[in-house]
$ cat run.cif   # mmCIF, C-alpha atoms and all ligand atoms
data_final
#
loop_
_atom_site.label_atom_id
_atom_site.label_comp_id
_atom_site.auth_asym_id
_atom_site.auth_seq_id
_atom_site.Cartn_x
_atom_site.Cartn_y
_atom_site.Cartn_z
CA MET A 1 89.12 -62.85 15.16
CA THR A 2 89.03 -66.05 13.12
CA ARG A 3 87.78 -64.22 10.03
CA PHE A 4 91.00 -62.25 9.59
CA ASP A 5 93.82 -63.56 7.42
CA GLN A 6 96.43 -65.95 8.76
CA ARG A 7 99.27 -63.38 9.02
CA THR A 8 97.04 -60.89 10.87
CA ARG A 9 96.04 -63.58 13.35
CA GLU A 10 99.68 -64.54 13.90
CA MET A 11 100.62 -60.93 14.54
CA ILE A 12 97.74 -60.44 16.97
CA GLU A 13 99.05 -63.50 18.79
CA GLU A 14 102.55 -61.93 18.93
CA VAL A 15 101.13 -58.71 20.40
CA ARG A 16 99.10 -60.78 22.88
CA GLU A 17 102.29 -62.44 24.11
CA LEU A 18 104.14 -59.10 24.41
CA GLY A 19 101.10 -57.61 26.14
CA ARG A 20 100.87 -60.37 28.71
CA THR A 21 104.62 -60.41 29.43
CA TYR A 22 105.44 -56.69 29.31
CA MET A 23 102.63 -54.25 28.64
CA ARG A 24 100.13 -55.17 31.34
CA PRO A 25 102.76 -55.27 34.15
CA MET A 26 104.37 -52.04 32.88
CA GLY A 27 100.97 -50.29 32.77
CA LEU A 28 100.08 -51.34 36.30
CA GLU A 29 103.48 -50.15 37.55
CA SER A 30 103.13 -46.77 35.78
CA ASP A 31 99.68 -46.37 37.25
CA ARG A 32 101.06 -47.01 40.74
CA THR A 33 104.04 -44.62 40.39
CA ALA A 34 102.22 -42.09 38.12
CA ASP A 35 105.28 -42.09 35.84
CA PRO A 36 105.62 -43.57 32.35
CA PRO A 37 108.27 -46.30 31.91
CA PRO A 38 111.81 -44.89 31.44
CA VAL A 39 113.12 -44.46 27.87
CA ASP A 40 115.73 -47.17 28.40
CA HIS A 41 113.19 -49.77 29.55
CA PRO A 42 114.25 -53.18 28.10
CA PHE A 43 110.83 -53.56 26.44
CA TYR A 44 111.39 -50.40 24.39
CA LEU A 45 114.74 -51.74 23.22
CA LEU A 46 113.05 -54.99 22.24
CA CYS A 47 110.43 -52.93 20.37
CA ALA A 48 113.13 -50.92 18.59
CA ARG A 49 114.73 -54.17 17.43
CA GLN A 50 111.35 -55.51 16.28
CA GLY A 51 110.64 -52.20 14.46
CA GLY A 52 108.18 -53.64 11.97
CA LEU A 53 105.69 -55.05 14.43
CA VAL A 54 105.71 -52.04 16.69
CA SER A 55 105.27 -49.54 13.91
CA ARG A 56 102.16 -51.46 12.91
CA VAL A 57 100.84 -51.46 16.46
CA ILE A 58 100.98 -47.67 16.48
CA GLY A 59 99.31 -47.47 13.10
CA GLU A 60 102.30 -46.91 10.84
CA GLY A 61 103.23 -48.61 7.60
CA GLU A 62 105.47 -51.62 7.34
CA ARG A 63 109.13 -51.05 6.30
CA ASN A 64 111.59 -53.39 4.65
CA GLU A 65 115.18 -53.94 5.83
CA GLY A 66 116.35 -50.84 3.93
CA GLY A 67 113.76 -48.71 5.71
CA GLU A 68 111.52 -48.24 2.66
CA ALA A 69 107.81 -48.04 3.31
CA LEU A 70 105.78 -51.05 2.20
CA ALA A 71 102.03 -50.97 1.64
CA TRP A 72 100.10 -49.20 4.39
CA ARG A 73 97.79 -51.80 5.97
CA PRO A 74 95.63 -49.79 8.34
CA VAL A 75 93.02 -52.49 9.00
CA ARG A 76 95.68 -54.89 10.26
CA ASN A 77 97.52 -52.08 12.10
CA PHE A 78 94.40 -50.98 13.92
CA LEU A 79 93.51 -54.53 14.95
CA LEU A 80 97.01 -54.74 16.46
CA GLY A 81 96.39 -51.37 18.15
CA GLU A 82 93.18 -52.78 19.63
CA GLU A 83 95.03 -55.81 20.95
CA SER A 84 97.84 -53.71 22.47
CA ALA A 85 95.31 -51.47 24.27
CA TYR A 86 93.68 -54.62 25.63
CA TRP A 87 96.88 -55.11 27.63
CA ASP A 88 97.54 -51.45 28.39
CA ARG A 89 96.59 -48.42 26.33
CA GLY A 90 99.04 -46.09 28.09
CA VAL A 91 101.98 -48.37 27.35
CA ALA A 92 100.70 -48.93 23.78
CA LEU A 93 100.83 -45.16 23.23
CA SER A 94 104.33 -45.01 24.69
CA LEU A 95 105.79 -47.50 22.22
CA PRO A 96 108.77 -46.25 20.21
CA GLY A 97 107.97 -44.99 16.72
CA PRO A 98 106.66 -41.82 15.07
CA GLY A 99 103.29 -41.99 16.90
CA ILE A 100 100.72 -39.44 15.76
CA GLY A 101 103.64 -37.52 14.28
CA GLY A 102 103.68 -40.35 11.72
CA ALA A 103 100.02 -39.72 10.86
CA ALA A 104 100.84 -36.02 10.33
CA LEU A 105 103.72 -36.96 8.02
CA ARG A 106 101.42 -39.23 6.05
CA SER A 107 98.78 -36.53 5.55
CA THR A 108 101.08 -33.56 4.99
CA ALA A 109 104.73 -34.36 4.13
CA THR A 110 106.37 -34.84 0.75
CA PRO A 111 107.75 -38.35 0.02
CA GLU A 112 111.30 -36.97 0.50
CA GLN A 113 110.38 -35.54 3.93
CA ARG A 114 108.72 -38.77 5.00
CA GLN A 115 111.86 -40.69 4.07
CA ARG A 116 114.10 -38.16 5.89
CA PHE A 117 112.15 -38.03 9.16
CA LEU A 118 111.31 -41.72 9.34
CA GLU A 119 114.92 -42.75 8.77
CA VAL A 120 115.77 -42.42 12.45
CA PHE A 121 113.43 -45.37 13.17
CA THR A 122 115.66 -47.67 11.13
CA ASP A 123 118.31 -47.27 13.87
CA HIS A 124 117.54 -50.31 15.99
CA SER A 125 120.29 -49.71 18.54
CA ARG A 126 117.95 -47.72 20.79
CA ALA A 127 114.33 -46.56 20.96
CA HIS A 128 113.22 -43.44 19.05
CA TRP A 129 109.97 -41.48 19.23
CA GLY A 130 108.09 -38.85 17.22
CA ALA A 131 105.21 -36.63 18.40
CA MET A 132 102.68 -34.09 17.16
CA ALA A 133 101.76 -30.83 18.89
CA MET A 134 98.63 -28.94 17.99
CA THR A 135 97.02 -28.17 21.39
CA GLU A 136 97.88 -24.92 23.21
CA PRO A 137 96.66 -23.31 26.45
CA GLY A 138 94.06 -21.32 24.44
CA ALA A 139 93.41 -23.79 21.63
CA GLY A 140 92.16 -27.33 22.33
CA SER A 141 89.02 -28.33 20.47
CA ASP A 142 89.13 -25.18 18.39
CA VAL A 143 92.46 -25.78 16.72
CA ALA A 144 91.92 -22.78 14.43
CA ARG A 145 92.89 -20.58 17.42
CA ILE A 146 96.50 -21.71 17.74
CA GLN A 147 98.84 -18.79 18.46
CA THR A 148 102.30 -20.34 18.03
CA ARG A 149 103.88 -18.00 15.50
CA ALA A 150 105.99 -18.99 12.49
CA ARG A 151 108.09 -16.26 10.81
CA LYS A 152 110.25 -16.83 7.76
CA ASP A 153 113.79 -15.51 8.11
CA GLY A 154 115.97 -16.26 5.09
CA ASP A 155 116.11 -20.01 4.63
CA GLU A 156 114.85 -20.68 8.15
CA TRP A 157 111.56 -20.47 10.04
CA VAL A 158 111.51 -18.98 13.54
CA LEU A 159 108.91 -20.45 15.91
CA ASN A 160 107.57 -18.89 19.13
CA GLY A 161 104.78 -20.24 21.33
CA GLN A 162 103.65 -22.79 23.88
CA LYS A 163 102.20 -26.26 23.36
CA MET A 164 100.53 -28.50 25.91
CA PHE A 165 99.21 -32.08 26.28
CA CYS A 166 101.65 -33.35 23.68
CA SER A 167 102.08 -37.11 23.87
CA ASN A 168 105.69 -38.34 24.10
CA ALA A 169 107.25 -34.93 23.26
CA ALA A 170 109.88 -35.06 26.03
CA ARG A 171 111.31 -38.31 24.66
CA ALA A 172 110.80 -37.58 20.96
CA ASP A 173 113.59 -37.11 18.40
CA TRP A 174 111.28 -34.67 16.59
CA VAL A 175 107.85 -33.12 17.02
CA VAL A 176 105.48 -32.04 14.25
CA VAL A 177 104.48 -28.56 15.47
CA TRP A 178 101.46 -26.75 14.04
CA ALA A 179 101.97 -22.96 14.01
CA THR A 180 100.44 -19.96 12.27
CA VAL A 181 102.01 -17.40 9.95
CA ASP A 182 99.16 -14.99 10.77
CA ALA A 183 96.64 -15.77 13.54
CA SER A 184 94.05 -13.44 11.91
CA LEU A 185 93.90 -15.85 8.93
CA GLY A 186 92.54 -18.65 11.14
CA ARG A 187 93.01 -22.07 9.58
CA GLU A 188 94.47 -20.65 6.40
CA GLY A 189 97.49 -19.41 8.34
CA HIS A 190 98.40 -22.88 9.63
CA ARG A 191 101.73 -24.52 8.80
CA ALA A 192 103.26 -27.78 10.08
CA PHE A 193 106.98 -27.99 10.90
CA VAL A 194 109.19 -30.80 12.04
CA VAL A 195 111.14 -29.46 15.02
CA GLU A 196 114.10 -31.57 16.09
CA ARG A 197 114.24 -32.09 19.83
CA SER A 198 117.80 -30.71 19.98
CA THR A 199 116.72 -27.35 18.45
CA PRO A 200 117.87 -24.42 20.66
CA GLY A 201 114.80 -22.69 22.13
CA PHE A 202 112.78 -25.93 22.44
CA GLU A 203 112.31 -26.39 26.21
CA ILE A 204 110.14 -28.93 28.04
CA LEU A 205 108.05 -27.24 30.73
CA LYS A 206 106.47 -30.21 32.47
CA ILE A 207 105.11 -33.74 32.21
CA GLU A 208 101.51 -33.95 33.46
CA HIS A 209 100.33 -36.26 36.22
CA LYS A 210 97.20 -37.70 34.63
CA MET A 211 94.15 -39.45 36.10
CA GLY A 212 94.69 -42.44 33.82
CA SER A 213 96.60 -43.84 30.83
CA ARG A 214 99.74 -43.07 32.82
CA GLY A 215 101.92 -45.40 30.77
CA TYR A 216 102.71 -42.58 28.32
CA GLU A 217 103.86 -39.07 29.01
CA THR A 218 101.85 -35.95 28.21
CA THR A 219 104.04 -32.89 27.94
CA SER A 220 103.96 -29.07 27.84
CA PHE A 221 106.77 -27.32 26.02
CA VAL A 222 107.78 -23.88 24.87
CA LEU A 223 109.40 -22.66 21.65
CA GLU A 224 111.46 -19.49 22.03
CA ASP A 225 113.01 -18.26 18.79
CA ALA A 226 113.38 -21.89 17.76
CA ARG A 227 114.89 -21.93 14.25
CA VAL A 228 114.08 -24.74 11.84
CA PRO A 229 115.36 -25.13 8.28
CA ALA A 230 112.95 -24.16 5.48
CA GLU A 231 112.90 -27.77 4.26
CA ASN A 232 111.25 -28.81 7.56
CA LEU A 233 108.01 -27.07 6.52
CA LEU A 234 105.89 -30.15 5.83
CA GLY A 235 104.59 -30.37 2.29
CA GLY A 236 106.54 -27.27 1.20
CA GLU A 237 105.06 -23.79 0.67
CA ALA A 238 102.82 -24.81 -2.23
CA PHE A 239 100.96 -27.28 0.00
CA TYR A 240 99.39 -24.43 1.98
CA GLU A 241 97.71 -22.70 -0.92
CA SER A 242 93.90 -22.87 -0.77
CA ARG A 243 93.50 -24.11 2.84
CA ARG A 244 95.35 -27.37 2.31
CA GLY A 245 97.34 -26.88 5.52
CA PHE A 246 94.26 -27.10 7.70
CA LYS A 247 92.95 -29.97 5.61
CA GLY A 248 96.28 -31.72 6.30
CA ALA A 249 95.69 -31.36 10.05
CA MET A 250 92.14 -32.66 9.73
CA ALA A 251 93.28 -35.56 7.54
CA THR A 252 95.68 -36.46 10.37
CA PHE A 253 92.73 -36.71 12.77
CA ASN A 254 90.77 -38.81 10.29
CA THR A 255 93.24 -41.65 10.86
CA THR A 256 94.06 -41.00 14.52
CA ARG A 257 90.39 -40.87 15.61
CA PRO A 258 89.64 -44.44 14.48
CA LEU A 259 92.85 -45.56 16.25
CA HIS A 260 91.46 -44.08 19.48
CA VAL A 261 88.31 -46.13 18.91
CA ALA A 262 90.36 -49.29 18.31
CA HIS A 263 92.08 -48.63 21.64
CA GLY A 264 88.69 -48.16 23.31
CA VAL A 265 87.45 -51.51 21.99
CA GLY A 266 90.60 -53.17 23.36
CA MET A 267 90.04 -51.64 26.81
CA GLY A 268 86.34 -52.57 26.79
CA ARG A 269 87.29 -56.17 25.95
CA ALA A 270 89.75 -56.20 28.86
CA ALA A 271 86.99 -55.13 31.27
CA HIS A 272 84.59 -57.68 29.76
CA ASP A 273 87.08 -60.55 30.13
CA PHE A 274 87.93 -59.57 33.70
CA ALA A 275 84.23 -59.67 34.68
CA LEU A 276 83.61 -62.88 32.75
CA ASP A 277 86.41 -64.60 34.71
CA VAL A 278 84.81 -63.46 37.97
CA VAL A 279 81.37 -64.75 36.89
CA ARG A 280 82.92 -68.09 35.94
CA SER A 281 84.89 -68.50 39.15
CA ASP A 282 82.85 -66.75 41.87
CA TYR A 283 79.19 -66.78 40.80
CA PRO A 284 76.78 -69.64 41.59
CA SER A 285 76.92 -72.14 38.71
CA GLN A 286 73.30 -71.43 37.76
CA GLY A 287 70.39 -69.21 38.63
CA ARG A 288 69.12 -65.72 37.95
CA ARG A 289 72.16 -63.79 39.19
CA ARG A 290 74.52 -65.63 36.85
CA ARG A 291 72.08 -65.40 33.91
CA ARG A 292 71.63 -61.67 34.36
CA ALA A 293 75.41 -61.13 34.57
CA LEU A 294 75.93 -63.09 31.35
CA GLU A 295 73.20 -61.07 29.62
CA ARG A 296 74.93 -57.85 30.65
CA LEU A 297 78.24 -59.17 29.33
CA GLY A 298 76.43 -59.93 26.06
CA GLU A 299 75.31 -56.28 25.90
CA ILE A 300 78.94 -55.19 26.36
CA ARG A 301 80.04 -57.47 23.51
CA ARG A 302 77.37 -56.06 21.15
CA GLY A 303 78.45 -52.47 21.87
CA LEU A 304 82.14 -53.27 21.38
CA GLN A 305 81.50 -55.17 18.16
CA THR A 306 79.55 -52.18 16.78
CA ALA A 307 82.42 -49.85 17.72
CA ARG A 308 84.89 -52.22 16.04
CA LEU A 309 82.88 -52.28 12.81
CA MET A 310 82.72 -48.48 12.90
CA TYR A 311 86.47 -47.99 13.20
CA LEU A 312 87.14 -50.68 10.58
CA HIS A 313 84.77 -48.90 8.21
CA ALA A 314 86.59 -45.60 8.75
CA VAL A 315 90.05 -47.10 8.15
CA TYR A 316 88.81 -49.12 5.17
CA LEU A 317 87.70 -45.86 3.53
CA ALA A 318 91.06 -44.20 4.40
CA LYS A 319 92.91 -47.13 2.80
CA ALA A 320 90.70 -46.85 -0.30
CA GLY A 321 91.67 -43.16 -0.53
CA GLN A 322 88.09 -42.05 0.11
CA SER A 323 86.89 -39.32 2.44
CA ASN A 324 86.26 -40.76 5.91
CA ALA A 325 85.76 -37.63 8.04
CA LEU A 326 82.14 -38.54 8.76
CA GLU A 327 82.84 -42.21 9.54
CA ALA A 328 85.88 -41.33 11.72
CA SER A 329 83.73 -38.93 13.75
CA TYR A 330 80.79 -41.36 13.95
CA ALA A 331 83.15 -43.93 15.46
CA LYS A 332 84.80 -41.45 17.86
CA LEU A 333 81.36 -40.17 18.89
CA TYR A 334 79.94 -43.62 19.48
CA ALA A 335 82.77 -45.52 21.16
CA PRO A 336 83.91 -43.65 24.33
CA PRO A 337 80.53 -43.72 26.16
CA VAL A 338 79.97 -47.35 25.09
CA VAL A 339 83.41 -48.34 26.41
CA LEU A 340 82.94 -46.35 29.62
CA ARG A 341 79.59 -48.11 30.13
CA ALA A 342 81.28 -51.46 29.44
CA VAL A 343 83.83 -50.82 32.18
CA ALA A 344 81.14 -49.53 34.58
CA THR A 345 79.03 -52.65 33.92
CA ALA A 346 82.06 -54.87 34.51
CA LEU A 347 82.63 -53.05 37.81
CA ASP A 348 78.99 -53.69 38.79
CA ILE A 349 79.31 -57.38 37.98
CA VAL A 350 82.53 -57.80 39.93
CA GLY A 351 81.19 -55.87 42.92
CA GLU A 352 83.26 -54.30 45.67
CA ALA A 353 86.47 -56.08 44.60
CA GLY A 354 86.35 -54.10 41.34
CA VAL A 355 86.83 -50.72 42.99
CA ARG A 356 89.90 -51.76 44.96
CA ASN A 357 92.98 -50.30 43.36
CA ASP A 358 94.92 -53.54 43.48
CA ARG A 359 92.62 -54.80 40.71
CA MET A 360 92.66 -53.66 37.13
CA LEU A 361 89.09 -52.44 36.71
CA GLU A 362 89.22 -49.15 38.56
CA LYS A 363 92.38 -48.27 36.61
CA LEU A 364 90.58 -49.10 33.34
CA TYR A 365 87.74 -46.79 34.36
CA ARG A 366 90.19 -43.89 34.70
CA ASP A 367 92.09 -44.87 31.54
CA VAL A 368 88.89 -44.98 29.49
CA LYS A 369 87.61 -41.57 30.61
CA ILE A 370 90.67 -39.92 29.06
CA LEU A 371 89.80 -41.52 25.73
CA ASP A 372 86.88 -39.13 25.37
CA ILE A 373 89.03 -35.99 25.48
CA GLY A 374 91.84 -36.58 23.00
CA GLU A 375 91.27 -36.21 19.23
CA GLY A 376 88.04 -34.30 19.74
CA THR A 377 85.46 -34.58 22.50
CA GLN A 378 81.87 -35.87 22.12
CA GLN A 379 80.59 -32.35 21.51
CA VAL A 380 83.22 -31.66 18.87
CA GLN A 381 82.42 -34.91 17.04
CA ARG A 382 78.76 -33.84 16.97
CA VAL A 383 79.80 -30.54 15.40
CA VAL A 384 81.91 -32.38 12.78
CA VAL A 385 79.04 -34.77 11.99
CA ALA A 386 76.57 -31.89 11.73
CA ARG A 387 78.91 -30.03 9.38
CA GLN A 388 79.25 -33.08 7.16
CA LEU A 389 75.54 -33.91 7.07
CA LEU A 390 73.90 -30.50 7.26
CA ASP A 391 76.48 -28.00 6.07
CA PHE A 392 76.61 -26.61 9.61
CA PRO A 393 78.27 -23.15 9.66
CA ARG A 394 82.05 -23.07 10.36
CA ASP A 395 81.97 -20.39 13.07
CA VAL A 396 80.01 -22.48 15.63
C1 LIG A 401 96.08 -37.67 27.55
C2 LIG A 401 96.02 -36.64 26.47
C3 LIG A 401 96.91 -36.71 25.41
C4 LIG A 401 96.89 -35.72 24.42
N1 LIG A 401 97.82 -35.78 23.39
C5 LIG A 401 97.86 -34.77 22.49
C6 LIG A 401 98.90 -34.72 21.49
O1 LIG A 401 99.74 -35.62 21.38
N2 LIG A 401 98.93 -33.65 20.66
C7 LIG A 401 98.03 -32.62 20.73
O2 LIG A 401 98.11 -31.69 19.95
N3 LIG A 401 97.03 -32.64 21.67
C8 LIG A 401 96.94 -33.67 22.54
N4 LIG A 401 95.95 -33.67 23.52
C9 LIG A 401 95.02 -32.55 23.60
C10 LIG A 401 93.62 -32.88 23.20
O3 LIG A 401 93.53 -33.03 21.81
C11 LIG A 401 92.73 -31.73 23.75
O4 LIG A 401 92.69 -31.88 25.16
C12 LIG A 401 91.35 -31.77 23.16
O5 LIG A 401 91.41 -31.30 21.85
C13 LIG A 401 90.35 -30.92 23.96
O6 LIG A 401 90.85 -29.63 24.16
P1 LIG A 401 90.78 -28.91 25.60
O7 LIG A 401 91.29 -29.90 26.58
O8 LIG A 401 91.47 -27.59 25.50
O9 LIG A 401 89.24 -28.70 25.89
P2 LIG A 401 88.31 -27.50 25.37
O10 LIG A 401 88.48 -27.33 23.89
O11 LIG A 401 88.54 -26.31 26.21
O12 LIG A 401 86.87 -28.09 25.66
C14 LIG A 401 86.25 -28.02 26.93
C15 LIG A 401 84.79 -28.45 26.77
O13 LIG A 401 84.10 -27.59 25.83
C16 LIG A 401 83.49 -28.38 24.82
N5 LIG A 401 83.50 -27.67 23.53
C17 LIG A 401 84.57 -27.08 22.95
N6 LIG A 401 84.22 -26.54 21.76
C18 LIG A 401 82.90 -26.81 21.57
C19 LIG A 401 81.95 -26.52 20.53
N7 LIG A 401 82.29 -25.84 19.42
N8 LIG A 401 80.67 -26.93 20.70
C20 LIG A 401 80.31 -27.62 21.82
N9 LIG A 401 81.15 -27.91 22.84
C21 LIG A 401 82.43 -27.52 22.72
C22 LIG A 401 84.32 -29.65 24.75
O14 LIG A 401 83.59 -30.73 24.22
C23 LIG A 401 84.67 -29.88 26.22
O15 LIG A 401 83.60 -30.53 26.85
C24 LIG A 401 95.94 -34.66 24.49
C25 LIG A 401 95.04 -34.61 25.56
C26 LIG A 401 95.05 -35.57 26.55
C27 LIG A 401 94.09 -35.48 27.68
#
$ encode --input "run.cif" --output "structure tokens"
Amino acid sequence: MTRFDQRTREMIEEVRELGRTYMRPMGLESDRTADPPPVDHPFYLLCARQGGLVSRVIGEGERNEGGEALAWRPVRNFLLGEESAYWDRGVALSLPGPGIGGAALRSTATPEQRQRFLEVFTDHSRAHWGAMAMTEPGAGSDVARIQTRARKDGDEWVLNGQKMFCSNAARADWVVVWATVDASLGREGHRAFVVERSTPGFEILKIEHKMGSRGYETTSFVLEDARVPAENLLGGEAFYESRRGFKGAMATFNTTRPLHVAHGVGMGRAAHDFALDVVRSDYPSQGRRRRRALERLGEIRRGLQTARLMYLHAVYLAKAGQSNALEASYAKLYAPPVVLRAVATALDIVGEAGVRNDRMLEKLYRDVKILDIGEGTQQVQRVVVARQLLDFPRDV
């Protein structure tokens, strides 16, 4: 970490302190109860008051006192995301702020819309959340198959459909909902709308009980004749000419995929450090067993460092305004199995104590597995990479 600038190192230190004091204990408690922390948890209020830091942890841009966006610093933000996931990825994803809804605003909204929908986060009196809903019961990896319908009616849009696995939707002030004006058009029919949580017809169906990453909620909801004003169509009508709508969705993933990888590196480091402590305290002070364990920890560090360089490369390109679809998918393809192996190796090194559920490692194993599913599975990343490198056909 010493090679990063002074301010970045200070901020990582701040996150480390918050992680140790709040995030790790909150994550362990959520794992035990299978419920995310309540919306009025004192830590969320603290986060709301510290708006700037938290918005960076979740990958958003810095804002000044008046709520105006300052320069987007994704490299720093993602390093903070890595550090927060070190303490607990579930809780990191539950932090107040626009979440991946913010990434959708960045890739799709007009400057006026961004200002309008981000304004709520300048209210520091309580915590606020945003969310983004693409996934549906019949459309996960293949987002082109979404069926949620959008129909224009005067100066409103009427939305009907069901969304699932939406992070933080039940506590969000608004959700960016992807819908289609005509399902037969595939991706070209896609439109993104900001739906306020108070909109009549927007009903939460359930919050999932997940195998891991239980610190944040994952929600199914339904939209029944939910009416949103025309000005909530992100980017405006002109944005959707010539397939830009779908490109907006994909551009969203090109920043959220590297953030997933940053989280994975943080979790892998947590497993590594746990095992290293055990080797230091419980292993014989010398001999083959200790040497072999330290070699295996070295392998974990190499894998995690490679994953870190891959996500930093992807966000560096995004910051430079260059295409990063290939690099984002390389990173998302590479990291989850490496991190899962890191946690499995740490479990091996720790031995039977690692699989007891009063220790952190078996929880990390479950948390990490979920990382592979969101934002595109291994198979889907391979398809994206093949398309980029080989002009792979679109209908596969
Ligand atoms: C904890 C969690 C949080 C989430 N948060 C959000 C959120 O906030 N917003 C949101 O919109 N979504 C969210 N999701 C949904 C997530 O993006 C989807 O689960 C993911 O896209 C995979 O879709 P699926 O689960 O329907 O699996 P499927 O698409 O049904 O895939 C099942 C299997 O088929 C494979 N497969 C699919 N297509 C191909 C192909 N073309 N070639 C080869 N293999 C293929 C997949 O790799 C996988 O192994 C979340 C999911 C989880 C688990």
$ residues_near_ligand --input "run.cif" --ligand "ligand LIG 401 (chain A)" --cutoff "9 Å" --atoms "only C-alpha atoms and all ligand atoms" --output "mmCIF file with C-alpha atoms, in the coordinates of the input"
data_model
loop_
_atom_site.group_PDB
_atom_site.id
_atom_site.type_symbol
_atom_site.label_atom_id
_atom_site.label_comp_id
_atom_site.auth_asym_id
_atom_site.auth_seq_id
_atom_site.Cartn_x
_atom_site.Cartn_y
_atom_site.Cartn_z
ATOM 1 C CA GLY A 90 99.040 -46.090 28.090
ATOM 2 C CA GLY A 99 103.290 -41.990 16.900
ATOM 3 C CA ILE A 100 100.720 -39.440 15.760
ATOM 4 C CA GLY A 101 103.640 -37.520 14.280
ATOM 5 C CA ALA A 131 105.210 -36.630 18.400
ATOM 6 C CA MET A 132 102.680 -34.090 17.160
ATOM 7 C CA ALA A 133 101.760 -30.830 18.890
ATOM 8 C CA MET A 134 98.630 -28.940 17.990
ATOM 9 C CA THR A 135 97.020 -28.170 21.390
ATOM 10 C CA GLU A 136 97.880 -24.920 23.210
ATOM 11 C CA PRO A 137 96.660 -23.310 26.450
ATOM 12 C CA GLY A 138 94.060 -21.320 24.440
ATOM 13 C CA ALA A 139 93.410 -23.790 21.630
ATOM 14 C CA GLY A 140 92.160 -27.330 22.330
ATOM 15 C CA SER A 141 89.020 -28.330 20.470
ATOM 16 C CA ASP A 142 89.130 -25.180 18.390
ATOM 17 C CA VAL A 143 92.460 -25.780 16.720
ATOM 18 C CA LYS A 163 102.200 -26.260 23.360
ATOM 19 C CA MET A 164 100.530 -28.500 25.910
ATOM 20 C CA PHE A 165 99.210 -32.080 26.280
ATOM 21 C CA CYS A 166 101.650 -33.350 23.680
ATOM 22 C CA SER A 167 102.080 -37.110 23.870
ATOM 23 C CA ASN A 168 105.690 -38.340 24.100
ATOM 24 C CA ALA A 169 107.250 -34.930 23.260
ATOM 25 C CA VAL A 177 104.480 -28.560 15.470
ATOM 26 C CA TRP A 178 101.460 -26.750 14.040
ATOM 27 C CA GLU A 208 101.510 -33.950 33.460
ATOM 28 C CA LYS A 210 97.200 -37.700 34.630
ATOM 29 C CA MET A 211 94.150 -39.450 36.100
ATOM 30 C CA GLY A 212 94.690 -42.440 33.820
ATOM 31 C CA SER A 213 96.600 -43.840 30.830
ATOM 32 C CA ARG A 214 99.740 -43.070 32.820
ATOM 33 C CA TYR A 216 102.710 -42.580 28.320
ATOM 34 C CA GLU A 217 103.860 -39.070 29.010
ATOM 35 C CA THR A 218 101.850 -35.950 28.210
ATOM 36 C CA THR A 219 104.040 -32.890 27.940
ATOM 37 C CA ILE A 370 90.670 -39.920 29.060
ATOM 38 C CA LEU A 371 89.800 -41.520 25.730
ATOM 39 C CA ASP A 372 86.880 -39.130 25.370
ATOM 40 C CA ILE A 373 89.030 -35.990 25.480
ATOM 41 C CA GLY A 374 91.840 -36.580 23.000
ATOM 42 C CA GLU A 375 91.270 -36.210 19.230
ATOM 43 C CA GLY A 376 88.040 -34.300 19.740
ATOM 44 C CA THR A 377 85.460 -34.580 22.500
ATOM 45 C CA GLN A 378 81.870 -35.870 22.120
ATOM 46 C CA GLN A 379 80.590 -32.350 21.510
ATOM 47 C CA VAL A 380 83.220 -31.660 18.870
ATOM 48 C CA GLN A 381 82.420 -34.910 17.040
ATOM 49 C CA ARG A 382 78.760 -33.840 16.970
ATOM 50 C CA VAL A 383 79.800 -30.540 15.400
ATOM 51 C CA ASP A 395 81.970 -20.390 13.070
ATOM 52 C CA VAL A 396 80.010 -22.480 15.630
#
$ closest_residue --input "run.cif" --among "A:Arg76, A:His128, A:Lys332, A:Arg32" --to "Ile12 (chain A)" --atoms "all atoms listed in the file"
A:Arg76
$ closest_residue --input "run.cif" --among "A:Leu233, A:Met11, A:Leu80, A:Ala179" --to "Val194 (chain A)" --atoms "only C-alpha atoms"
A:Leu233
$ closest_residue --input "run.cif" --among "A:Leu312, A:Leu364, A:Leu79, A:Val265" --to "Gly27 (chain A)" --atoms "all atoms listed in the file"
A:Leu364
$ residues_around --input "run.cif" --residues "region 108-112 of chain A" --least-positions-apart "2" --cutoff "7 Å" --atoms "only C-alpha atoms" --output "list in words"
Ala104, Leu105, Arg106, Arg114, Gln115, Arg116, Leu234, Gly235 and Gly248 of chain A
$ atom_distance --input "run.cif" --atom1 "CA of Gly102 (chain A)" --atom2 "CA of Gly130 (chain A)"
7.2 Å
$ closest_residue --input "run.cif" --among "A:Pro96, A:Gly287, A:Pro337, A:Gly354" --to "Ala271 (chain A)" --atoms "only C-alpha atoms"
A:Gly354
$ closest_residue --input "run.cif" --among "A:Val91, A:Val181, A:Val338, A:Val350" --to "Thr306 (chain A)" --atoms "all atoms listed in the file"
A:Val338
$ atom_distance --input "run.cif" --atom1 "CA of Tyr240 (chain A)" --atom2 "CA of Glu327 (chain A)"
25.4 Å
$ atom_distance --input "run.cif" --atom1 "CA of Phe202 (chain A)" --atom2 "CA of Phe221 (chain A)"
7.1 Å
$ closest_atom_pairs --input "run.cif" --of "region 201-308 of chain A" --to "region 317-322 of chain A" --cutoff "10 Å" --atoms "all atoms listed in the file" --output "Markdown table"
| residue | atom | partner | partner_atom | distance |
| --- | --- | --- | --- | --- |
| A:Ala251 | CA | A:Ala318 | CA | 9.5 |
| A:Asn254 | CA | A:Ala318 | CA | 8.0 |
| A:Thr255 | CA | A:Ala318 | CA | 7.3 |
$ residues_around --input "run.cif" --residues "Gly264 (chain A)" --least-positions-apart "2" --cutoff "9 Å" --atoms "all atoms listed in the file" --output "list in words"
Glu82, Ala85, Tyr86, Arg89, Leu259, His260, Val261, Ala262, Gly266, Met267, Gly268, Arg269, Leu304, Ala307, Ala335, Pro336, Val338, Val339, Leu340, Val368 and Leu371 of chain A
